[in-house]
Amino acid sequence: MQITVTVNGVERSGDVEPRTLLVHFLRDELGLTGTNIGCDTSSCGACTIHVEGQSVKSCTMLAAQADGLSVTTIEGLADGDTLHPMQRCFQENHGLQCGYCTPGMVMAAVSLLDENPNPSETDVRIGLEGNLCRCTGYHNIVKSVLACAAESTGASK
Amino acid sequence: MIPASFDYVRADSVDAAIAALTEHGDEAKLLAGGHSLLPLMKLRLAAPSVLVDVGRLDDLRYINDAGDHIAIGALTRHRDLEISTLLASAAPLLSHAAGHVGDPQVRHRGTLGGSLAHADPASDLPAVILAMGGTLVATGPNGSREIPASEFFTGFLESGLAPDELLTEIRIPKLDAQGWSFQKFNRRAQDWAIVGVATVRANGSTGVALVNMGSTPLLATAVMDAVKSGATAADAAALANEGTEAQSDINASSEYREHLARVLVRRSLEESGLA
C-alpha cells in the first residue's frame, strides 16, 4: 500500500506492506537509522519518535497508521549544525554512556518538557519510565533533562 | 519481530468500521491505538487476516458531561483521560489510574475503548470501570446497545462484543465520591500489575475491583458486601480472594497473588477512607 508521511518536515512516500512497522519504514525505507530498535516489544523506548508532536514507540505502530501524519525523528531535532537544546544538554552533562538508548531518551525528554516545562527530578524520572538505559546511566540523563528545563524556563522568563 | 500478513482497512466512520466487520466476520480485528493488539501480533499470538483501523475516528474521542453520567468516546487516549479536568473532579479514580497505564509513550497511543475491548485481566482500566459501575455502549449493524461493565468481560481476552460490533462509548455514573483508591503492585514502572485494586466509595456503596486475579477483571463482591454490612477494612479485606482464580506465572505464584490481594484491598479500602 502507498503511504505518505511527513518526516522531519518533508513529505516522504513509500510502498509498504500493511504489516510494516513504522520503525522499519523509517530505518529501512528512508535510511533514517538514528532511531534504534532495542527490545522490539515496546518496553525499552530506544525507538521513541514523535508522532504529531507526542512521543511514541515506533516499534509498536504500523507505518500504515502514520499515513498522512507528521513524524519527527532524532535526525529532525537539530537545526543544521546547531544541536537542539536537549541534545546539547545531553552532551554537556554527559547524559550517555554507550549511546544506544540516547536517541529515544532525547525524544522522550523533549516530549516530556513539552507536557511539563518545569519538572522536578521525580517528574523527570517518572516521565522517562518508558525508556531503559542498560548502562544504567540514568543519573546524568536526568541531570541533562533538568538542565535543559532550567535553561528553557530561564530563557522564557 | 514482524506480524503475519494481513489486509489493512482504514475506517473513516463508525458505519464503515461496522461494514468492514460485517464483511470479514471473525477474521477481522479492530485496531485502535494498537498497544495491546500489535504486541500480540508481533509475537504471532494473534494473526487476524484483516485489520480494521478505527484509530482516526476522532468523533469517538471525547469526554463529556452528560448530566447524570460522564460519556467517554471509545477512542479517547489514556493521556486524554490523565489530563482531563472534568475527570479530575468527577471521576478522579479513572484519571489517576489512566496515568499509571504503561508509560508516557503507551499513554499517547493507547485508548480506553481498546483497553476494555481487549479484556486483559491484567490491564488497569477494565477493573477501574468495573469498580465505578460503568456501562459500555456497543454499536453494530442494528444500532447501539448498552452492556453493564459487570457483564462485559466474559473470559480471558474475551468480551461481550459481537464480531460485528464496535465499542463506541463508555459511561461512568457521576458519583459523589467519598473516597477512592488505586493500588498497583508491579516490579518495573511500565509492567502490568502483578495485582491491582480499584476502589470507589460513593452514595452509600463501595465498588472494589481486582486486576490480574483471574481470567477476567473481577468485582470483589464478598469485600463489597462486607463493607456494606459494616465490616472494618481489615475484616473486609480478608475476603479479597473469594471468587478469584489467581494464576501462577514468572512474576508470582497464585499464593503470592492471593496474599497481595488481601494486603492491597485493605490498603485500598483504608486509602478510600474506610476505618
# chains A, B, ... in the order shown; residues from 1 in each chain; ligands from 1

$ residues_around --residues "segment 225-239 of chain B" --least-positions-apart "6" --cutoff "12 Å" --atoms "only C-alpha atoms" --output "ChimeraX atom specification"
/B:197,199-208,210,219,258-275

$ write_last_selection --atoms "C-alpha atoms" --output "compact mmCIF listing (two decimals), in the first residue's frame"
# COMPACT_ATOMS: atom_id res chain seq x y z
CA VAL B 197 -7.12 -2.96 43.19
CA THR B 199 -11.91 1.13 44.92
CA VAL B 200 -14.53 3.85 44.89
CA ARG B 201 -16.85 4.69 47.78
CA ALA B 202 -19.91 6.74 46.90
CA ASN B 203 -23.64 7.06 47.51
CA GLY B 204 -23.53 4.59 50.38
CA SER B 205 -21.90 1.76 48.47
CA THR B 206 -18.37 0.64 47.77
CA GLY B 207 -17.08 -0.75 44.48
CA VAL B 208 -13.92 -2.84 44.64
CA LEU B 210 -9.32 -6.66 41.15
CA LEU B 219 -15.55 -7.37 41.20
CA GLU B 258 -3.72 -14.02 46.97
CA HIS B 259 -1.61 -12.54 49.75
CA LEU B 260 -1.10 -9.38 47.70
CA ALA B 261 -4.83 -9.10 47.02
CA ARG B 262 -5.62 -9.13 50.75
CA VAL B 263 -2.94 -6.54 51.50
CA LEU B 264 -3.82 -4.25 48.59
CA VAL B 265 -7.59 -4.45 49.20
CA ARG B 266 -7.01 -3.41 52.81
CA ARG B 267 -4.77 -0.52 51.74
CA SER B 268 -7.24 0.46 49.07
CA LEU B 269 -10.20 0.49 51.48
CA GLU B 270 -8.20 2.45 54.02
CA GLU B 271 -6.98 4.97 51.45
CA SER B 272 -10.56 5.48 50.30
CA GLY B 273 -11.50 6.40 53.85
CA LEU B 274 -12.86 3.22 55.42
CA ALA B 275 -11.71 2.67 59.01

$ interface_residues --of "chain B" --to "chain A" --cutoff "7 Å" --atoms "only C-alpha atoms" --output "PyMOL selection string"
chain B and resi 1-3+5-8+34-35+38-39+103-106+108+189-190

$ write_last_selection --atoms "N, CA and C atoms" --output "CSV table (one decimal), in the first residue's frame"
chain,number,residue,atom,x,y,z
B,1,MET,N,10.7,-8.4,15.2
B,1,MET,CA,9.5,-9.3,15.1
B,1,MET,C,8.5,-8.5,14.3
B,2,ILE,N,7.9,-9.2,13.3
B,2,ILE,CA,7.0,-8.6,12.4
B,2,ILE,C,5.7,-9.5,12.4
B,3,PRO,N,4.6,-8.8,12.4
B,3,PRO,CA,3.3,-9.6,12.4
B,3,PRO,C,3.2,-10.4,11.1
B,5,SER,N,1.1,-11.6,7.8
B,5,SER,CA,0.5,-10.7,6.8
B,5,SER,C,-1.0,-10.5,7.1
B,6,PHE,N,-1.5,-9.3,6.8
B,6,PHE,CA,-2.9,-9.1,6.9
B,6,PHE,C,-3.3,-8.0,5.9
B,7,ASP,N,-4.6,-7.9,5.6
B,7,ASP,CA,-5.1,-6.8,4.8
B,7,ASP,C,-5.5,-5.6,5.8
B,8,TYR,N,-5.2,-4.4,5.3
B,8,TYR,CA,-5.4,-3.2,6.2
B,8,TYR,C,-6.6,-2.4,5.6
B,34,GLY,N,-3.5,0.3,19.1
B,34,GLY,CA,-2.6,-0.8,18.7
B,34,GLY,C,-1.7,-1.3,19.8
B,35,HIS,N,-1.8,-0.7,21.0
B,35,HIS,CA,-0.7,-1.1,22.0
B,35,HIS,C,-1.0,-2.3,22.8
B,38,LEU,N,-1.0,-5.0,18.6
B,38,LEU,CA,0.2,-5.2,17.8
B,38,LEU,C,1.3,-6.0,18.5
B,39,PRO,N,1.5,-5.8,19.9
B,39,PRO,CA,2.5,-6.7,20.5
B,39,PRO,C,2.1,-8.2,20.4
B,103,ASP,N,3.5,3.5,30.1
B,103,ASP,CA,4.4,4.6,30.2
B,103,ASP,C,3.9,5.7,29.3
B,104,PRO,N,4.6,6.9,29.3
B,104,PRO,CA,4.0,8.0,28.5
B,104,PRO,C,3.8,7.7,27.1
B,105,GLN,N,4.7,7.0,26.5
B,105,GLN,CA,4.6,6.7,25.0
B,105,GLN,C,3.4,5.8,24.8
B,106,VAL,N,3.1,4.8,25.7
B,106,VAL,CA,2.0,4.0,25.6
B,106,VAL,C,0.7,4.8,25.8
B,108,HIS,N,0.2,7.9,25.1
B,108,HIS,CA,-0.1,8.7,24.0
B,108,HIS,C,-0.9,8.0,22.9
B,189,ALA,N,8.2,0.1,36.5
B,189,ALA,CA,7.1,1.1,36.3
B,189,ALA,C,6.2,0.7,35.2
B,190,GLN,N,6.7,0.2,34.1
B,190,GLN,CA,5.9,0.0,32.9
B,190,GLN,C,5.2,-1.3,32.8

$ residues_around --residues "Ala19 of chain B" --least-positions-apart "6" --cutoff "10 Å" --atoms "only C-alpha atoms" --output "list in words"
Ala11, Ser13, Gly25, Gly140, Pro141, Asp164 and Glu165 of chain B

$ select_by_dssp --residues "chain A" --states "helix (DSSP H, G or I)" --output "NGL selection string"
:A and (22-29 or 58-60 or 63-66 or 74-76 or 85-92 or 102-115 or 121-127 or 138-156)

$ write_last_selection --atoms "C-alpha atoms" --output "mmCIF file, in the first residue's frame"
data_model
loop_
_atom_site.group_PDB
_atom_site.id
_atom_site.type_symbol
_atom_site.label_atom_id
_atom_site.label_comp_id
_atom_site.auth_asym_id
_atom_site.auth_seq_id
_atom_site.Cartn_x
_atom_site.Cartn_y
_atom_site.Cartn_z
ATOM 1 C CA LEU A 22 6.877 2.400 11.429
ATOM 2 C CA VAL A 23 10.430 1.950 12.737
ATOM 3 C CA HIS A 24 11.276 -0.290 9.777
ATOM 4 C CA PHE A 25 9.818 2.229 7.333
ATOM 5 C CA LEU A 26 11.992 4.949 8.870
ATOM 6 C CA ARG A 27 15.170 2.881 9.036
ATOM 7 C CA ASP A 28 14.962 0.589 6.025
ATOM 8 C CA GLU A 29 12.952 2.630 3.513
ATOM 9 C CA SER A 58 7.775 3.306 16.642
ATOM 10 C CA CYS A 59 8.143 -0.476 17.018
ATOM 11 C CA THR A 60 4.522 -0.628 18.184
ATOM 12 C CA ALA A 63 3.709 2.556 9.064
ATOM 13 C CA ALA A 64 0.144 2.499 7.712
ATOM 14 C CA GLN A 65 -1.092 4.131 10.924
ATOM 15 C CA ALA A 66 1.259 7.065 10.285
ATOM 16 C CA ILE A 74 16.178 12.278 16.188
ATOM 17 C CA GLU A 75 17.535 13.440 12.796
ATOM 18 C CA GLY A 76 14.903 16.183 12.725
ATOM 19 C CA PRO A 85 18.910 22.306 23.332
ATOM 20 C CA MET A 86 18.090 18.829 24.641
ATOM 21 C CA GLN A 87 20.845 17.260 22.523
ATOM 22 C CA ARG A 88 23.316 19.913 23.726
ATOM 23 C CA CYS A 89 22.321 19.378 27.361
ATOM 24 C CA PHE A 90 22.893 15.620 26.963
ATOM 25 C CA GLN A 91 26.331 16.424 25.511
ATOM 26 C CA GLU A 92 27.262 18.964 28.182
ATOM 27 C CA THR A 102 20.163 8.123 23.626
ATOM 28 C CA PRO A 103 18.017 8.937 20.562
ATOM 29 C CA GLY A 104 14.944 7.517 22.303
ATOM 30 C CA MET A 105 15.831 9.201 25.599
ATOM 31 C CA VAL A 106 16.228 12.578 23.882
ATOM 32 C CA MET A 107 12.932 12.231 22.001
ATOM 33 C CA ALA A 108 11.104 11.144 25.166
ATOM 34 C CA ALA A 109 12.691 14.008 27.109
ATOM 35 C CA VAL A 110 11.646 16.617 24.528
ATOM 36 C CA SER A 111 8.068 15.317 24.693
ATOM 37 C CA LEU A 112 8.231 15.329 28.497
ATOM 38 C CA LEU A 113 9.230 19.004 28.629
ATOM 39 C CA ASP A 114 6.511 19.882 26.105
ATOM 40 C CA GLU A 115 3.966 18.495 28.569
ATOM 41 C CA GLU A 121 13.677 15.429 39.452
ATOM 42 C CA THR A 122 10.952 12.926 40.364
ATOM 43 C CA ASP A 123 8.816 14.125 37.448
ATOM 44 C CA VAL A 124 11.739 13.509 35.092
ATOM 45 C CA ARG A 125 12.412 10.031 36.468
ATOM 46 C CA ILE A 126 8.724 9.093 36.215
ATOM 47 C CA GLY A 127 8.392 10.813 32.844
ATOM 48 C CA TYR A 138 20.209 7.418 34.497
ATOM 49 C CA HIS A 139 21.822 9.929 36.842
ATOM 50 C CA ASN A 140 23.315 12.079 34.094
ATOM 51 C CA ILE A 141 20.321 11.575 31.814
ATOM 52 C CA VAL A 142 18.076 13.085 34.493
ATOM 53 C CA LYS A 143 20.659 15.835 35.056
ATOM 54 C CA SER A 144 20.644 16.620 31.320
ATOM 55 C CA VAL A 145 16.865 16.922 31.166
ATOM 56 C CA LEU A 146 16.740 19.117 34.278
ATOM 57 C CA ALA A 147 19.482 21.333 32.818
ATOM 58 C CA CYS A 148 17.513 21.724 29.598
ATOM 59 C CA ALA A 149 14.329 22.539 31.527
ATOM 60 C CA ALA A 150 16.136 25.140 33.668
ATOM 61 C CA GLU A 151 17.647 26.706 30.556
ATOM 62 C CA SER A 152 14.389 26.996 28.650
ATOM 63 C CA THR A 153 12.247 28.175 31.569
ATOM 64 C CA GLY A 154 15.003 30.672 32.460
ATOM 65 C CA ALA A 155 15.087 31.912 28.887
ATOM 66 C CA SER A 156 11.334 32.394 28.759
#

$ residues_around --residues "Val211 of chain B" --least-positions-apart "4" --cutoff "9 Å" --atoms "only C-alpha atoms" --output "VMD selection string"
chain B and resid 121 to 128 184 193 to 198 216 to 218

$ write_last_selection --atoms "N, CA and C atoms" --output "PDB file, in the first residue's frame"
ATOM      1  N   PRO B 121      -7.269  -9.285  31.779  1.00  0.00           N
ATOM      2  CA  PRO B 121      -7.479  -9.165  33.228  1.00  0.00           C
ATOM      3  C   PRO B 121      -6.329  -8.457  33.936  1.00  0.00           C
ATOM      4  N   ALA B 122      -5.166  -8.357  33.273  1.00  0.00           N
ATOM      5  CA  ALA B 122      -4.004  -7.694  33.877  1.00  0.00           C
ATOM      6  C   ALA B 122      -3.972  -6.203  33.592  1.00  0.00           C
ATOM      7  N   SER B 123      -4.892  -5.708  32.768  1.00  0.00           N
ATOM      8  CA  SER B 123      -4.925  -4.276  32.457  1.00  0.00           C
ATOM      9  C   SER B 123      -5.612  -3.504  33.576  1.00  0.00           C
ATOM     10  N   ASP B 124      -5.239  -2.241  33.710  1.00  0.00           N
ATOM     11  CA  ASP B 124      -5.730  -1.436  34.826  1.00  0.00           C
ATOM     12  C   ASP B 124      -7.171  -0.945  34.628  1.00  0.00           C
ATOM     13  N   LEU B 125      -7.460  -0.439  33.421  1.00  0.00           N
ATOM     14  CA  LEU B 125      -8.703   0.309  33.264  1.00  0.00           C
ATOM     15  C   LEU B 125      -9.970  -0.550  33.264  1.00  0.00           C
ATOM     16  N   PRO B 126      -9.921  -1.803  32.802  1.00  0.00           N
ATOM     17  CA  PRO B 126     -11.136  -2.625  32.947  1.00  0.00           C
ATOM     18  C   PRO B 126     -11.600  -2.728  34.404  1.00  0.00           C
ATOM     19  N   ALA B 127     -10.668  -2.931  35.323  1.00  0.00           N
ATOM     20  CA  ALA B 127     -11.054  -3.025  36.740  1.00  0.00           C
ATOM     21  C   ALA B 127     -11.585  -1.691  37.250  1.00  0.00           C
ATOM     22  N   VAL B 128     -10.988  -0.596  36.786  1.00  0.00           N
ATOM     23  CA  VAL B 128     -11.448   0.732  37.222  1.00  0.00           C
ATOM     24  C   VAL B 128     -12.899   0.964  36.783  1.00  0.00           C
ATOM     25  N   LYS B 184      -1.559  -0.414  42.617  1.00  0.00           N
ATOM     26  CA  LYS B 184      -0.969  -1.218  41.539  1.00  0.00           C
ATOM     27  C   LYS B 184       0.392  -1.698  42.007  1.00  0.00           C
ATOM     28  N   ALA B 193       0.260  -4.862  36.224  1.00  0.00           N
ATOM     29  CA  ALA B 193       0.167  -5.119  37.657  1.00  0.00           C
ATOM     30  C   ALA B 193       0.304  -6.613  37.924  1.00  0.00           C
ATOM     31  N   ILE B 194       1.083  -6.963  38.960  1.00  0.00           N
ATOM     32  CA  ILE B 194       1.059  -8.348  39.442  1.00  0.00           C
ATOM     33  C   ILE B 194      -0.304  -8.572  40.090  1.00  0.00           C
ATOM     34  N   VAL B 195      -0.724  -7.595  40.881  1.00  0.00           N
ATOM     35  CA  VAL B 195      -2.105  -7.486  41.352  1.00  0.00           C
ATOM     36  C   VAL B 195      -2.424  -5.994  41.447  1.00  0.00           C
ATOM     37  N   GLY B 196      -3.641  -5.634  41.135  1.00  0.00           N
ATOM     38  CA  GLY B 196      -4.079  -4.257  41.308  1.00  0.00           C
ATOM     39  C   GLY B 196      -5.474  -4.237  41.920  1.00  0.00           C
ATOM     40  N   VAL B 197      -5.807  -3.115  42.568  1.00  0.00           N
ATOM     41  CA  VAL B 197      -7.125  -2.964  43.190  1.00  0.00           C
ATOM     42  C   VAL B 197      -7.636  -1.549  42.924  1.00  0.00           C
ATOM     43  N   ALA B 198      -8.866  -1.458  42.430  1.00  0.00           N
ATOM     44  CA  ALA B 198      -9.534  -0.164  42.245  1.00  0.00           C
ATOM     45  C   ALA B 198     -10.720  -0.103  43.187  1.00  0.00           C
ATOM     46  N   THR B 216     -10.647 -12.882  34.097  1.00  0.00           N
ATOM     47  CA  THR B 216     -11.236 -11.592  33.735  1.00  0.00           C
ATOM     48  C   THR B 216     -10.959 -10.603  34.868  1.00  0.00           C
ATOM     49  N   PRO B 217     -11.102  -9.297  34.606  1.00  0.00           N
ATOM     50  CA  PRO B 217     -11.133  -8.370  35.738  1.00  0.00           C
ATOM     51  C   PRO B 217     -12.347  -8.725  36.594  1.00  0.00           C
ATOM     52  N   LEU B 218     -12.199  -8.618  37.916  1.00  0.00           N
ATOM     53  CA  LEU B 218     -13.231  -9.159  38.810  1.00  0.00           C
ATOM     54  C   LEU B 218     -13.715  -8.108  39.792  1.00  0.00           C
TER      55      LEU B 218
END

$ residues_around --residues "Gly53 of chain A" --least-positions-apart "4" --cutoff "8 Å" --atoms "only C-alpha atoms" --output "list in words"
Ser70, Val71, Thr72 and Ser111 of chain A

$ residues_around --residues "Ala46 of chain B" --least-positions-apart "4" --cutoff "8 Å" --atoms "only C-alpha atoms" --output "count of residues only"
3

$ closest_residue --among "B:Gly33, B:Pro92, B:Gly110, B:Gly155" --to "Arg56 of chain B" --atoms "only C-alpha atoms"
B:Gly33

$ select_by_dssp --residues "segment 89-180 of chain B" --states "strand (DSSP E)" --output "list in words"
Thr135, Leu136, Val137, Ala138, Thr139, Gly140, Gly143, Ser144, Arg145, Glu146, Ile147, Pro148, Phe153, Thr154, Gly155, Glu158, Ser159, Leu166, Leu167, Thr168, Glu169, Ile170, Arg171, Ile172, Pro173, Ala177, Gln178, Gly179 and Trp180 of chain B

$ closest_residue --among "B:Leu60, B:Phe156, B:Ile250, B:Leu175" --to "Thr139 of chain B" --atoms "only C-alpha atoms"
B:Leu60
